[in-house]
Amino acid sequence: MSNVKNVAHGSRANAYTALILSTLAMIVCFMSWSNFAPLASQVAQMFHLSVAERTLLLATPVLLGSIMRIPVGILSDRYGGKKVYLILMAFILIPLLMIPHVHSFGMLLFAALLVGMSGTSFAVGVSYASVWFPAEQQGLALGIVSMGNIGNAVAAMTLPYISKTAGFDAVYYFLIILTIIFGILFAIFCKEMPVDKSKTIMGALSVAKDSGTWYLSLFYFLTFGLFVSFTNLTPTFLTGMFKFNPVTAGLYSALFAFVCTLVRPVGGYLADKKRPMSLLQWTFIAIIVFGLWIMLSFHNQGFFIAGIVLIGLSAGIGNGVVFKMVPYISKGNTGAVTGFVGAMGGLGGFFPPLVIGYIYQWTGSYELGIGLLVLTGVICWFALWKHYIHGDVHIVK
């Protein structure tokens, strides 16, 4: 295993190329993963969707993109991130070609499920990029590659404009062209990561026996789930509660995603320097406070937008801190741990839109759904305090 590490850390050019192109490829994949959110109003009109159907459509890509992070992360560790990334980008082209040609809500849901595979790019990107850097630089490196999440924001800024000016179908032809371009760049300029051929699937799955895997999964369920949920739901909140047009609502959704993503490396950098679990405690407290702020501001536009930005800052820093800890749960199985933790984070983005959508349909109010988010924050804070702070269980650098 040490030979693998020595090769991995030997070339700075390979390391920085891997980091840059992994991040850019993830941006493109995340644009596909979140394509429905900024177009939700238009799609709802085209297919005559109820609020519950609309939130189901937003949540469906998150489901497959979350669950499949586990096997995709393991495959990346075992066979190499470059190969897996290229296969993934080729697969994404299938649902992107389907969507402009579907004419029923059922087929649209099926295409949305398939396009969810683009969300597994997170597990591949983290596995591929992290192996090139030594432990003392991994917090920052993982924070940078995870900025591929900003693809949600890029989608929110660009896709409504493309749809308005060139038509709905043009959105997907644009995404197809981007995916092909970055697939070619990745194939030409990136080297394959060194892999340990002695690894087995069962060995990779052994990380599920470590309680640390599940604690980090719980914490990421909140922080990343919050990022995905609010990126997808902000346009719905703003068009429904404050009567924004879809393009403007998309820009505010992009603002949230940008804030949440840009501070992620800050969280990773701080976790390189300070005790991560102490940082995470304050992150959870901030999420609880700003969640309550949002609950109380659904009838005040300025306060609501401020609450969205502040909770995005908190979640982004929390994402960076959590993923600093991933390589220490099971050394050499970063892809496997990333798969488990990333899957739970994705599921954290899957359930809230569904729950909030159904609660709104029953009660006509979003506040109760946000209250459940606050409760999740309290549960995460208590688990962190009991196991890592009060219990004095250390994950050390």
# chains A, B, ... in the order shown; residues from 1 in each chain; ligands from 1
$ residues_around --residues "A:Phe221" --least-positions-apart "2" --cutoff "8 Å" --atoms "only C-alpha atoms" --output "PDB file with all heavy atoms, in the first residue's frame"
ATOM      1  N   SER A 217     -21.865   9.730   8.328  1.00  0.00           N
ATOM      2  CA  SER A 217     -23.015   9.663   7.419  1.00  0.00           C
ATOM      3  C   SER A 217     -24.188  10.465   7.964  1.00  0.00           C
ATOM      4  O   SER A 217     -24.872  11.176   7.216  1.00  0.00           O
ATOM      5  CB  SER A 217     -23.430   8.197   7.203  1.00  0.00           C
ATOM      6  OG  SER A 217     -22.413   7.465   6.553  1.00  0.00           O
ATOM      7  N   LEU A 218     -24.428  10.342   9.274  1.00  0.00           N
ATOM      8  CA  LEU A 218     -25.502  11.122   9.898  1.00  0.00           C
ATOM      9  C   LEU A 218     -25.232  12.615   9.772  1.00  0.00           C
ATOM     10  O   LEU A 218     -26.125  13.395   9.410  1.00  0.00           O
ATOM     11  CB  LEU A 218     -25.632  10.734  11.374  1.00  0.00           C
ATOM     12  CG  LEU A 218     -26.600  11.593  12.211  1.00  0.00           C
ATOM     13  CD1 LEU A 218     -28.032  11.456  11.708  1.00  0.00           C
ATOM     14  CD2 LEU A 218     -26.503  11.211  13.702  1.00  0.00           C
ATOM     15  N   PHE A 219     -23.991  13.020  10.048  1.00  0.00           N
ATOM     16  CA  PHE A 219     -23.659  14.441  10.006  1.00  0.00           C
ATOM     17  C   PHE A 219     -23.784  14.984   8.579  1.00  0.00           C
ATOM     18  O   PHE A 219     -24.250  16.102   8.364  1.00  0.00           O
ATOM     19  CB  PHE A 219     -22.248  14.677  10.535  1.00  0.00           C
ATOM     20  CG  PHE A 219     -22.032  14.188  11.944  1.00  0.00           C
ATOM     21  CD1 PHE A 219     -20.757  13.839  12.384  1.00  0.00           C
ATOM     22  CD2 PHE A 219     -23.095  14.071  12.833  1.00  0.00           C
ATOM     23  CE1 PHE A 219     -20.558  13.384  13.683  1.00  0.00           C
ATOM     24  CE2 PHE A 219     -22.908  13.614  14.134  1.00  0.00           C
ATOM     25  CZ  PHE A 219     -21.630  13.269  14.551  1.00  0.00           C
ATOM     26  N   THR A 223     -25.782  18.137   6.644  1.00  0.00           N
ATOM     27  CA  THR A 223     -25.120  19.269   5.987  1.00  0.00           C
ATOM     28  C   THR A 223     -25.275  19.240   4.471  1.00  0.00           C
ATOM     29  O   THR A 223     -25.666  20.231   3.861  1.00  0.00           O
ATOM     30  CB  THR A 223     -23.633  19.331   6.377  1.00  0.00           C
ATOM     31  OG1 THR A 223     -22.971  18.123   5.990  1.00  0.00           O
ATOM     32  CG2 THR A 223     -23.470  19.538   7.865  1.00  0.00           C
ATOM     33  N   PHE A 224     -24.976  18.096   3.843  1.00  0.00           N
ATOM     34  CA  PHE A 224     -25.115  18.029   2.392  1.00  0.00           C
ATOM     35  C   PHE A 224     -26.578  17.931   1.986  1.00  0.00           C
ATOM     36  O   PHE A 224     -26.990  18.490   0.957  1.00  0.00           O
ATOM     37  CB  PHE A 224     -24.335  16.843   1.823  1.00  0.00           C
ATOM     38  CG  PHE A 224     -24.327  16.806   0.317  1.00  0.00           C
ATOM     39  CD1 PHE A 224     -23.538  17.691  -0.398  1.00  0.00           C
ATOM     40  CD2 PHE A 224     -25.114  15.907  -0.377  1.00  0.00           C
ATOM     41  CE1 PHE A 224     -23.541  17.674  -1.790  1.00  0.00           C
ATOM     42  CE2 PHE A 224     -25.124  15.883  -1.766  1.00  0.00           C
ATOM     43  CZ  PHE A 224     -24.324  16.773  -2.469  1.00  0.00           C
ATOM     44  N   GLY A 225     -27.371  17.215   2.796  1.00  0.00           N
ATOM     45  CA  GLY A 225     -28.800  17.145   2.502  1.00  0.00           C
ATOM     46  C   GLY A 225     -29.439  18.515   2.502  1.00  0.00           C
ATOM     47  O   GLY A 225     -30.302  18.824   1.674  1.00  0.00           O
ATOM     48  N   LEU A 226     -28.992  19.365   3.425  1.00  0.00           N
ATOM     49  CA  LEU A 226     -29.494  20.739   3.474  1.00  0.00           C
ATOM     50  C   LEU A 226     -29.123  21.483   2.193  1.00  0.00           C
ATOM     51  O   LEU A 226     -29.949  22.208   1.617  1.00  0.00           O
ATOM     52  CB  LEU A 226     -28.928  21.434   4.704  1.00  0.00           C
ATOM     53  CG  LEU A 226     -29.518  22.770   5.134  1.00  0.00           C
ATOM     54  CD1 LEU A 226     -29.299  22.976   6.620  1.00  0.00           C
ATOM     55  CD2 LEU A 226     -28.894  23.924   4.372  1.00  0.00           C
ATOM     56  N   VAL A 341     -20.895   7.759   3.099  1.00  0.00           N
ATOM     57  CA  VAL A 341     -21.189   9.090   3.626  1.00  0.00           C
ATOM     58  C   VAL A 341     -21.925   9.926   2.579  1.00  0.00           C
ATOM     59  O   VAL A 341     -22.915  10.606   2.881  1.00  0.00           O
ATOM     60  CB  VAL A 341     -19.892   9.787   4.080  1.00  0.00           C
ATOM     61  CG1 VAL A 341     -20.167  11.211   4.542  1.00  0.00           C
ATOM     62  CG2 VAL A 341     -19.229   9.001   5.211  1.00  0.00           C
ATOM     63  N   MET A 344     -25.612   8.863   2.187  1.00  0.00           N
ATOM     64  CA  MET A 344     -26.477   9.400   3.233  1.00  0.00           C
ATOM     65  C   MET A 344     -26.708  10.893   3.045  1.00  0.00           C
ATOM     66  O   MET A 344     -27.813  11.396   3.288  1.00  0.00           O
ATOM     67  CB  MET A 344     -25.859   9.122   4.604  1.00  0.00           C
ATOM     68  CG  MET A 344     -25.936   7.665   5.017  1.00  0.00           C
ATOM     69  SD  MET A 344     -27.624   7.039   5.122  1.00  0.00           S
ATOM     70  CE  MET A 344     -28.244   7.983   6.509  1.00  0.00           C
ATOM     71  N   GLY A 345     -25.671  11.603   2.602  1.00  0.00           N
ATOM     72  CA  GLY A 345     -25.852  13.025   2.320  1.00  0.00           C
ATOM     73  C   GLY A 345     -26.857  13.241   1.209  1.00  0.00           C
ATOM     74  O   GLY A 345     -27.713  14.131   1.285  1.00  0.00           O
ATOM     75  N   GLY A 346     -26.754  12.404   0.168  1.00  0.00           N
ATOM     76  CA  GLY A 346     -27.713  12.517  -0.932  1.00  0.00           C
ATOM     77  C   GLY A 346     -29.125  12.197  -0.491  1.00  0.00           C
ATOM     78  O   GLY A 346     -30.087  12.870  -0.897  1.00  0.00           O
ATOM     79  N   LEU A 347     -29.278  11.174   0.355  1.00  0.00           N
ATOM     80  CA  LEU A 347     -30.607  10.854   0.869  1.00  0.00           C
ATOM     81  C   LEU A 347     -31.138  11.990   1.735  1.00  0.00           C
ATOM     82  O   LEU A 347     -32.350  12.215   1.806  1.00  0.00           O
ATOM     83  CB  LEU A 347     -30.563   9.548   1.668  1.00  0.00           C
ATOM     84  CG  LEU A 347     -30.339   8.281   0.836  1.00  0.00           C
ATOM     85  CD1 LEU A 347     -30.189   7.067   1.743  1.00  0.00           C
ATOM     86  CD2 LEU A 347     -31.474   8.073  -0.162  1.00  0.00           C
ATOM     87  N   GLY A 348     -30.212  12.698   2.383  1.00  0.00           N
ATOM     88  CA  GLY A 348     -30.612  13.890   3.128  1.00  0.00           C
ATOM     89  C   GLY A 348     -31.181  14.967   2.216  1.00  0.00           C
ATOM     90  O   GLY A 348     -31.939  15.837   2.665  1.00  0.00           O
ATOM     91  N   GLY A 349     -30.817  14.926   0.934  1.00  0.00           N
ATOM     92  CA  GLY A 349     -31.399  15.832  -0.042  1.00  0.00           C
ATOM     93  C   GLY A 349     -32.626  15.263  -0.723  1.00  0.00           C
ATOM     94  O   GLY A 349     -33.377  15.983  -1.383  1.00  0.00           O
TER      95      GLY A 349
END
$ residues_around --residues "A:Thr200" --least-positions-apart "3" --cutoff "12 Å" --atoms "only C-alpha atoms" --output "MDAnalysis selection string"
chainID A and resid 74:75 77:79 195:197 203:206 332:333 336
$ write_last_selection --atoms "N, CA and C atoms" --output "PDB file, in the first residue's frame"
ATOM      1  N   ILE A  74     -16.670   2.376  -4.429  1.00  0.00           N
ATOM      2  CA  ILE A  74     -15.886   1.148  -4.293  1.00  0.00           C
ATOM      3  C   ILE A  74     -15.209   0.795  -5.616  1.00  0.00           C
ATOM      4  N   LEU A  75     -15.947   0.883  -6.714  1.00  0.00           N
ATOM      5  CA  LEU A  75     -15.369   0.587  -8.035  1.00  0.00           C
ATOM      6  C   LEU A  75     -14.233   1.547  -8.374  1.00  0.00           C
ATOM      7  N   ASP A  77     -12.169   3.014  -6.220  1.00  0.00           N
ATOM      8  CA  ASP A  77     -11.004   2.566  -5.452  1.00  0.00           C
ATOM      9  C   ASP A  77     -10.367   1.327  -6.084  1.00  0.00           C
ATOM     10  N   ARG A  78     -11.195   0.430  -6.578  1.00  0.00           N
ATOM     11  CA  ARG A  78     -10.708  -0.878  -7.044  1.00  0.00           C
ATOM     12  C   ARG A  78     -10.137  -0.818  -8.452  1.00  0.00           C
ATOM     13  N   TYR A  79     -10.784  -0.094  -9.350  1.00  0.00           N
ATOM     14  CA  TYR A  79     -10.390  -0.127 -10.757  1.00  0.00           C
ATOM     15  C   TYR A  79      -9.817   1.189 -11.276  1.00  0.00           C
ATOM     16  N   VAL A 195      -3.928   2.169  -7.960  1.00  0.00           N
ATOM     17  CA  VAL A 195      -4.913   1.399  -7.212  1.00  0.00           C
ATOM     18  C   VAL A 195      -4.241   0.196  -6.568  1.00  0.00           C
ATOM     19  N   ASP A 196      -4.822  -0.245  -5.492  1.00  0.00           N
ATOM     20  CA  ASP A 196      -4.339  -1.435  -4.785  1.00  0.00           C
ATOM     21  C   ASP A 196      -5.139  -2.631  -5.289  1.00  0.00           C
ATOM     22  N   LYS A 197      -4.517  -3.467  -6.122  1.00  0.00           N
ATOM     23  CA  LYS A 197      -5.204  -4.593  -6.750  1.00  0.00           C
ATOM     24  C   LYS A 197      -5.598  -5.671  -5.748  1.00  0.00           C
ATOM     25  N   GLY A 203     -13.771  -6.350   1.419  1.00  0.00           N
ATOM     26  CA  GLY A 203     -12.871  -5.521   2.214  1.00  0.00           C
ATOM     27  C   GLY A 203     -13.319  -4.078   2.224  1.00  0.00           C
ATOM     28  N   ALA A 204     -13.761  -3.589   1.064  1.00  0.00           N
ATOM     29  CA  ALA A 204     -14.247  -2.208   0.987  1.00  0.00           C
ATOM     30  C   ALA A 204     -15.517  -2.033   1.811  1.00  0.00           C
ATOM     31  N   LEU A 205     -16.403  -3.044   1.756  1.00  0.00           N
ATOM     32  CA  LEU A 205     -17.658  -2.951   2.503  1.00  0.00           C
ATOM     33  C   LEU A 205     -17.448  -3.051   4.012  1.00  0.00           C
ATOM     34  N   SER A 206     -16.254  -3.470   4.426  1.00  0.00           N
ATOM     35  CA  SER A 206     -15.984  -3.596   5.851  1.00  0.00           C
ATOM     36  C   SER A 206     -16.055  -2.252   6.573  1.00  0.00           C
ATOM     37  N   GLY A 332      -7.125   3.911   2.764  1.00  0.00           N
ATOM     38  CA  GLY A 332      -7.082   3.058   1.585  1.00  0.00           C
ATOM     39  C   GLY A 332      -8.452   2.726   1.034  1.00  0.00           C
ATOM     40  N   ASN A 333      -9.509   3.036   1.767  1.00  0.00           N
ATOM     41  CA  ASN A 333     -10.875   2.800   1.294  1.00  0.00           C
ATOM     42  C   ASN A 333     -11.652   4.105   1.223  1.00  0.00           C
ATOM     43  N   ALA A 336     -14.867   3.945  -0.707  1.00  0.00           N
ATOM     44  CA  ALA A 336     -15.936   3.222  -0.027  1.00  0.00           C
ATOM     45  C   ALA A 336     -16.582   4.084   1.052  1.00  0.00           C
TER      46      ALA A 336
END
$ residues_around --residues "stretch 273-282 of chain A" --least-positions-apart "6" --cutoff "12 Å" --atoms "only C-alpha atoms" --output "NGL selection string"
:A and (136-140 or 215-216 or 219-220 or 222-223 or 266-267 or 288-289 or 314-326 or 328 or 377-397)
$ write_last_selection --atoms "N, CA and C atoms" --output "short mmCIF file (atom, residue, chain, number, x, y, z; two decimals), in the first residue's frame"
data_model
loop_
_atom_site.label_atom_id
_atom_site.label_comp_id
_atom_site.auth_asym_id
_atom_site.auth_seq_id
_atom_site.Cartn_x
_atom_site.Cartn_y
_atom_site.Cartn_z
N GLU A 136 -1.82 15.75 5.25
CA GLU A 136 -1.88 17.12 5.79
C GLU A 136 -2.46 18.12 4.80
N GLN A 137 -2.66 17.72 3.54
CA GLN A 137 -3.25 18.62 2.54
C GLN A 137 -4.63 18.15 2.09
N GLN A 138 -5.10 17.03 2.63
CA GLN A 138 -6.34 16.45 2.09
C GLN A 138 -7.58 17.24 2.45
N GLY A 139 -7.59 17.91 3.62
CA GLY A 139 -8.77 18.69 3.96
C GLY A 139 -9.04 19.77 2.92
N LEU A 140 -7.99 20.51 2.55
CA LEU A 140 -8.14 21.56 1.54
C LEU A 140 -8.43 20.97 0.17
N TYR A 215 -21.54 7.68 11.92
CA TYR A 215 -21.64 9.01 12.51
C TYR A 215 -21.41 10.09 11.45
N LEU A 216 -20.37 9.91 10.63
CA LEU A 216 -20.12 10.89 9.57
C LEU A 216 -21.27 10.91 8.57
N PHE A 219 -23.99 13.02 10.05
CA PHE A 219 -23.66 14.44 10.01
C PHE A 219 -23.78 14.98 8.58
N TYR A 220 -23.38 14.17 7.61
CA TYR A 220 -23.45 14.61 6.21
C TYR A 220 -24.88 14.57 5.70
N LEU A 222 -27.28 15.69 7.27
CA LEU A 222 -27.78 17.04 7.57
C LEU A 222 -27.13 18.09 6.68
N THR A 223 -25.78 18.14 6.64
CA THR A 223 -25.12 19.27 5.99
C THR A 223 -25.27 19.24 4.47
N VAL A 266 -13.10 26.27 2.94
CA VAL A 266 -12.79 26.94 4.21
C VAL A 266 -12.99 25.95 5.36
N GLY A 267 -14.09 25.20 5.31
CA GLY A 267 -14.32 24.18 6.32
C GLY A 267 -13.23 23.13 6.33
N ILE A 288 -29.16 25.03 13.41
CA ILE A 288 -30.38 25.06 14.22
C ILE A 288 -30.92 26.48 14.34
N VAL A 289 -30.04 27.43 14.65
CA VAL A 289 -30.46 28.82 14.83
C VAL A 289 -31.03 29.39 13.54
N SER A 314 -23.37 27.96 6.84
CA SER A 314 -23.18 26.96 7.89
C SER A 314 -23.06 25.56 7.31
N ALA A 315 -23.95 25.23 6.37
CA ALA A 315 -23.92 23.90 5.77
C ALA A 315 -22.64 23.68 4.97
N GLY A 316 -22.20 24.71 4.24
CA GLY A 316 -20.99 24.59 3.43
C GLY A 316 -19.76 24.31 4.26
N ILE A 317 -19.61 25.05 5.36
CA ILE A 317 -18.47 24.81 6.26
C ILE A 317 -18.57 23.41 6.86
N GLY A 318 -19.78 23.00 7.24
CA GLY A 318 -19.98 21.66 7.79
C GLY A 318 -19.61 20.58 6.79
N ASN A 319 -19.95 20.76 5.52
CA ASN A 319 -19.58 19.78 4.49
C ASN A 319 -18.06 19.60 4.43
N GLY A 320 -17.34 20.71 4.45
CA GLY A 320 -15.88 20.65 4.39
C GLY A 320 -15.28 19.95 5.59
N VAL A 321 -15.82 20.23 6.78
CA VAL A 321 -15.30 19.61 8.00
C VAL A 321 -15.55 18.11 7.99
N VAL A 322 -16.77 17.69 7.62
CA VAL A 322 -17.09 16.26 7.61
C VAL A 322 -16.15 15.51 6.67
N PHE A 323 -15.93 16.04 5.47
CA PHE A 323 -15.13 15.28 4.51
C PHE A 323 -13.64 15.34 4.78
N LYS A 324 -13.20 16.23 5.61
CA LYS A 324 -11.81 16.17 6.09
C LYS A 324 -11.58 14.84 6.81
N MET A 325 -12.62 14.34 7.50
CA MET A 325 -12.48 13.15 8.32
C MET A 325 -12.57 11.85 7.54
N VAL A 326 -13.07 11.89 6.31
CA VAL A 326 -13.32 10.66 5.55
C VAL A 326 -12.08 9.78 5.40
N TYR A 328 -9.71 9.22 7.26
CA TYR A 328 -9.23 8.66 8.51
C TYR A 328 -10.12 7.56 9.06
N GLY A 377 -31.14 18.80 13.04
CA GLY A 377 -29.94 19.48 13.53
C GLY A 377 -29.70 19.20 15.01
N VAL A 378 -30.76 19.20 15.78
CA VAL A 378 -30.63 18.92 17.22
C VAL A 378 -30.14 17.49 17.44
N ILE A 379 -30.68 16.54 16.67
CA ILE A 379 -30.27 15.13 16.80
C ILE A 379 -28.79 14.98 16.45
N CYS A 380 -28.34 15.63 15.38
CA CYS A 380 -26.93 15.54 14.98
C CYS A 380 -26.03 16.17 16.04
N TRP A 381 -26.44 17.31 16.58
CA TRP A 381 -25.63 17.95 17.62
C TRP A 381 -25.51 17.05 18.83
N PHE A 382 -26.61 16.41 19.23
CA PHE A 382 -26.57 15.54 20.41
C PHE A 382 -25.68 14.32 20.16
N ALA A 383 -25.79 13.71 18.97
CA ALA A 383 -24.95 12.55 18.65
C ALA A 383 -23.47 12.93 18.66
N LEU A 384 -23.16 14.09 18.10
CA LEU A 384 -21.78 14.57 18.09
C LEU A 384 -21.27 14.81 19.50
N TRP A 385 -22.07 15.48 20.31
CA TRP A 385 -21.67 15.80 21.69
C TRP A 385 -21.47 14.53 22.51
N LYS A 386 -22.41 13.59 22.38
CA LYS A 386 -22.35 12.39 23.22
C LYS A 386 -21.20 11.47 22.83
N HIS A 387 -20.95 11.31 21.53
CA HIS A 387 -19.96 10.33 21.08
C HIS A 387 -18.56 10.90 20.98
N TYR A 388 -18.43 12.14 20.47
CA TYR A 388 -17.10 12.67 20.19
C TYR A 388 -16.59 13.71 21.19
N ILE A 389 -17.50 14.42 21.82
CA ILE A 389 -17.06 15.50 22.71
C ILE A 389 -17.19 15.05 24.17
N HIS A 390 -18.38 14.76 24.62
CA HIS A 390 -18.56 14.25 25.98
C HIS A 390 -17.93 12.87 26.12
N GLY A 391 -18.08 12.01 25.07
CA GLY A 391 -17.51 10.67 25.12
C GLY A 391 -16.03 10.64 24.88
N ASP A 392 -15.46 11.77 24.40
CA ASP A 392 -14.02 11.90 24.20
C ASP A 392 -13.47 10.86 23.23
N VAL A 393 -14.24 10.53 22.18
CA VAL A 393 -13.73 9.68 21.12
C VAL A 393 -13.05 10.57 20.11
N HIS A 394 -11.81 10.32 19.79
CA HIS A 394 -11.02 11.23 18.96
C HIS A 394 -10.82 10.65 17.57
N ILE A 395 -10.98 11.50 16.58
CA ILE A 395 -10.46 11.23 15.25
C ILE A 395 -9.37 12.25 15.05
N VAL A 396 -8.15 11.80 14.95
CA VAL A 396 -7.03 12.72 14.95
C VAL A 396 -6.40 12.81 13.58
N LYS A 397 -5.74 13.94 13.38
CA LYS A 397 -5.03 14.15 12.10
C LYS A 397 -3.72 13.38 12.13
#
$ residues_around --residues "stretch 157-159 of chain A" --least-positions-apart "4" --cutoff "8 Å" --atoms "only C-alpha atoms" --output "PDB file with all heavy atoms, in the first residue's frame"
ATOM      1  N   ASN A  35     -30.782  19.486 -12.890  1.00  0.00           N
ATOM      2  CA  ASN A  35     -31.357  20.216 -14.032  1.00  0.00           C
ATOM      3  C   ASN A  35     -32.829  20.567 -13.849  1.00  0.00           C
ATOM      4  O   ASN A  35     -33.303  21.566 -14.390  1.00  0.00           O
ATOM      5  CB  ASN A  35     -31.155  19.415 -15.318  1.00  0.00           C
ATOM      6  CG  ASN A  35     -32.133  18.261 -15.464  1.00  0.00           C
ATOM      7  OD1 ASN A  35     -33.226  18.404 -15.993  1.00  0.00           O
ATOM      8  ND2 ASN A  35     -31.729  17.088 -14.986  1.00  0.00           N
ATOM      9  N   PRO A  38     -34.158  24.326 -11.414  1.00  0.00           N
ATOM     10  CA  PRO A  38     -34.384  25.675 -11.933  1.00  0.00           C
ATOM     11  C   PRO A  38     -35.465  25.741 -13.008  1.00  0.00           C
ATOM     12  O   PRO A  38     -35.931  26.826 -13.347  1.00  0.00           O
ATOM     13  CB  PRO A  38     -33.010  26.071 -12.501  1.00  0.00           C
ATOM     14  CG  PRO A  38     -32.325  24.788 -12.789  1.00  0.00           C
ATOM     15  CD  PRO A  38     -32.812  23.828 -11.752  1.00  0.00           C
ATOM     16  N   LEU A  39     -35.859  24.580 -13.540  1.00  0.00           N
ATOM     17  CA  LEU A  39     -36.895  24.534 -14.580  1.00  0.00           C
ATOM     18  C   LEU A  39     -38.219  24.021 -14.031  1.00  0.00           C
ATOM     19  O   LEU A  39     -39.135  23.723 -14.800  1.00  0.00           O
ATOM     20  CB  LEU A  39     -36.441  23.615 -15.731  1.00  0.00           C
ATOM     21  CG  LEU A  39     -35.109  23.963 -16.401  1.00  0.00           C
ATOM     22  CD1 LEU A  39     -34.725  22.882 -17.405  1.00  0.00           C
ATOM     23  CD2 LEU A  39     -35.175  25.316 -17.088  1.00  0.00           C
ATOM     24  N   ALA A 153     -25.424  25.521  -8.717  1.00  0.00           N
ATOM     25  CA  ALA A 153     -25.575  26.964  -8.883  1.00  0.00           C
ATOM     26  C   ALA A 153     -25.451  27.364 -10.345  1.00  0.00           C
ATOM     27  O   ALA A 153     -26.210  28.219 -10.832  1.00  0.00           O
ATOM     28  CB  ALA A 153     -24.519  27.695  -8.053  1.00  0.00           C
ATOM     29  N   SER A 163     -33.420  28.008 -21.541  1.00  0.00           N
ATOM     30  CA  SER A 163     -34.776  27.566 -21.861  1.00  0.00           C
ATOM     31  C   SER A 163     -35.638  28.719 -22.367  1.00  0.00           C
ATOM     32  O   SER A 163     -36.435  28.559 -23.304  1.00  0.00           O
ATOM     33  CB  SER A 163     -35.410  26.931 -20.618  1.00  0.00           C
ATOM     34  OG  SER A 163     -36.708  26.468 -20.886  1.00  0.00           O
ATOM     35  N   VAL A 171     -31.778  23.136 -23.534  1.00  0.00           N
ATOM     36  CA  VAL A 171     -31.111  22.933 -22.245  1.00  0.00           C
ATOM     37  C   VAL A 171     -30.351  21.611 -22.254  1.00  0.00           C
ATOM     38  O   VAL A 171     -29.188  21.530 -21.838  1.00  0.00           O
ATOM     39  CB  VAL A 171     -32.146  22.939 -21.098  1.00  0.00           C
ATOM     40  CG1 VAL A 171     -31.521  22.451 -19.799  1.00  0.00           C
ATOM     41  CG2 VAL A 171     -32.737  24.322 -20.922  1.00  0.00           C
ATOM     42  N   VAL A 247     -36.715  32.871 -13.578  1.00  0.00           N
ATOM     43  CA  VAL A 247     -35.312  33.230 -13.811  1.00  0.00           C
ATOM     44  C   VAL A 247     -34.716  33.875 -12.558  1.00  0.00           C
ATOM     45  O   VAL A 247     -33.610  33.527 -12.114  1.00  0.00           O
ATOM     46  CB  VAL A 247     -35.176  34.165 -15.025  1.00  0.00           C
ATOM     47  CG1 VAL A 247     -33.735  34.663 -15.165  1.00  0.00           C
ATOM     48  CG2 VAL A 247     -35.598  33.432 -16.302  1.00  0.00           C
ATOM     49  N   GLY A 250     -34.287  31.360  -9.867  1.00  0.00           N
ATOM     50  CA  GLY A 250     -33.110  30.547 -10.162  1.00  0.00           C
ATOM     51  C   GLY A 250     -31.818  31.231  -9.745  1.00  0.00           C
ATOM     52  O   GLY A 250     -30.881  30.580  -9.266  1.00  0.00           O
ATOM     53  N   LEU A 251     -31.758  32.545  -9.905  1.00  0.00           N
ATOM     54  CA  LEU A 251     -30.564  33.289  -9.491  1.00  0.00           C
ATOM     55  C   LEU A 251     -30.377  33.236  -7.975  1.00  0.00           C
ATOM     56  O   LEU A 251     -29.249  33.112  -7.479  1.00  0.00           O
ATOM     57  CB  LEU A 251     -30.659  34.741  -9.967  1.00  0.00           C
ATOM     58  CG  LEU A 251     -30.550  34.957 -11.480  1.00  0.00           C
ATOM     59  CD1 LEU A 251     -30.771  36.427 -11.827  1.00  0.00           C
ATOM     60  CD2 LEU A 251     -29.185  34.505 -11.990  1.00  0.00           C
ATOM     61  N   ALA A 254     -29.098  29.923  -7.131  1.00  0.00           N
ATOM     62  CA  ALA A 254     -27.665  29.891  -7.443  1.00  0.00           C
ATOM     63  C   ALA A 254     -26.855  30.579  -6.356  1.00  0.00           C
ATOM     64  O   ALA A 254     -25.762  30.116  -6.001  1.00  0.00           O
ATOM     65  CB  ALA A 254     -27.416  30.566  -8.794  1.00  0.00           C
TER      66      ALA A 254
END
$ residues_around --residues "A:Phe105" --least-positions-apart "2" --cutoff "12 Å" --atoms "only C-alpha atoms" --output "list in words"
Val43, Ala44, Gln45, Met46, Phe47, His48, Leu49, Ser50, Glu53, Arg54, Leu56, Leu57, Ile99, His101, Val102, His103, Met107, Leu108, Leu109, Phe110, Ala111 and Ala112 of chain A
$ decode --residues "stretch 40-45 of chain A" --atoms "N, CA, C and O atoms" --output "PDB file, in the first residue's frame"
ATOM      1  N   ALA A  40     -38.314  23.923 -12.684  1.00  0.00           N
ATOM      2  CA  ALA A  40     -39.455  23.250 -12.069  1.00  0.00           C
ATOM      3  C   ALA A  40     -40.787  23.885 -12.456  1.00  0.00           C
ATOM      4  O   ALA A  40     -41.759  23.180 -12.737  1.00  0.00           O
ATOM      5  N   SER A  41     -40.861  25.204 -12.482  1.00  0.00           N
ATOM      6  CA  SER A  41     -42.125  25.869 -12.826  1.00  0.00           C
ATOM      7  C   SER A  41     -42.538  25.548 -14.253  1.00  0.00           C
ATOM      8  O   SER A  41     -43.710  25.240 -14.526  1.00  0.00           O
ATOM      9  N   GLN A  42     -41.588  25.589 -15.170  1.00  0.00           N
ATOM     10  CA  GLN A  42     -41.888  25.298 -16.571  1.00  0.00           C
ATOM     11  C   GLN A  42     -42.304  23.843 -16.752  1.00  0.00           C
ATOM     12  O   GLN A  42     -43.281  23.549 -17.462  1.00  0.00           O
ATOM     13  N   VAL A  43     -41.582  22.923 -16.121  1.00  0.00           N
ATOM     14  CA  VAL A  43     -41.907  21.504 -16.239  1.00  0.00           C
ATOM     15  C   VAL A  43     -43.278  21.222 -15.628  1.00  0.00           C
ATOM     16  O   VAL A  43     -44.063  20.440 -16.170  1.00  0.00           O
ATOM     17  N   ALA A  44     -43.579  21.867 -14.493  1.00  0.00           N
ATOM     18  CA  ALA A  44     -44.877  21.677 -13.852  1.00  0.00           C
ATOM     19  C   ALA A  44     -46.016  22.109 -14.772  1.00  0.00           C
ATOM     20  O   ALA A  44     -47.062  21.442 -14.829  1.00  0.00           O
ATOM     21  N   GLN A  45     -45.821  23.190 -15.521  1.00  0.00           N
ATOM     22  CA  GLN A  45     -46.837  23.646 -16.472  1.00  0.00           C
ATOM     23  C   GLN A  45     -46.939  22.690 -17.664  1.00  0.00           C
ATOM     24  O   GLN A  45     -48.042  22.362 -18.114  1.00  0.00           O
TER      25      GLN A  45
END
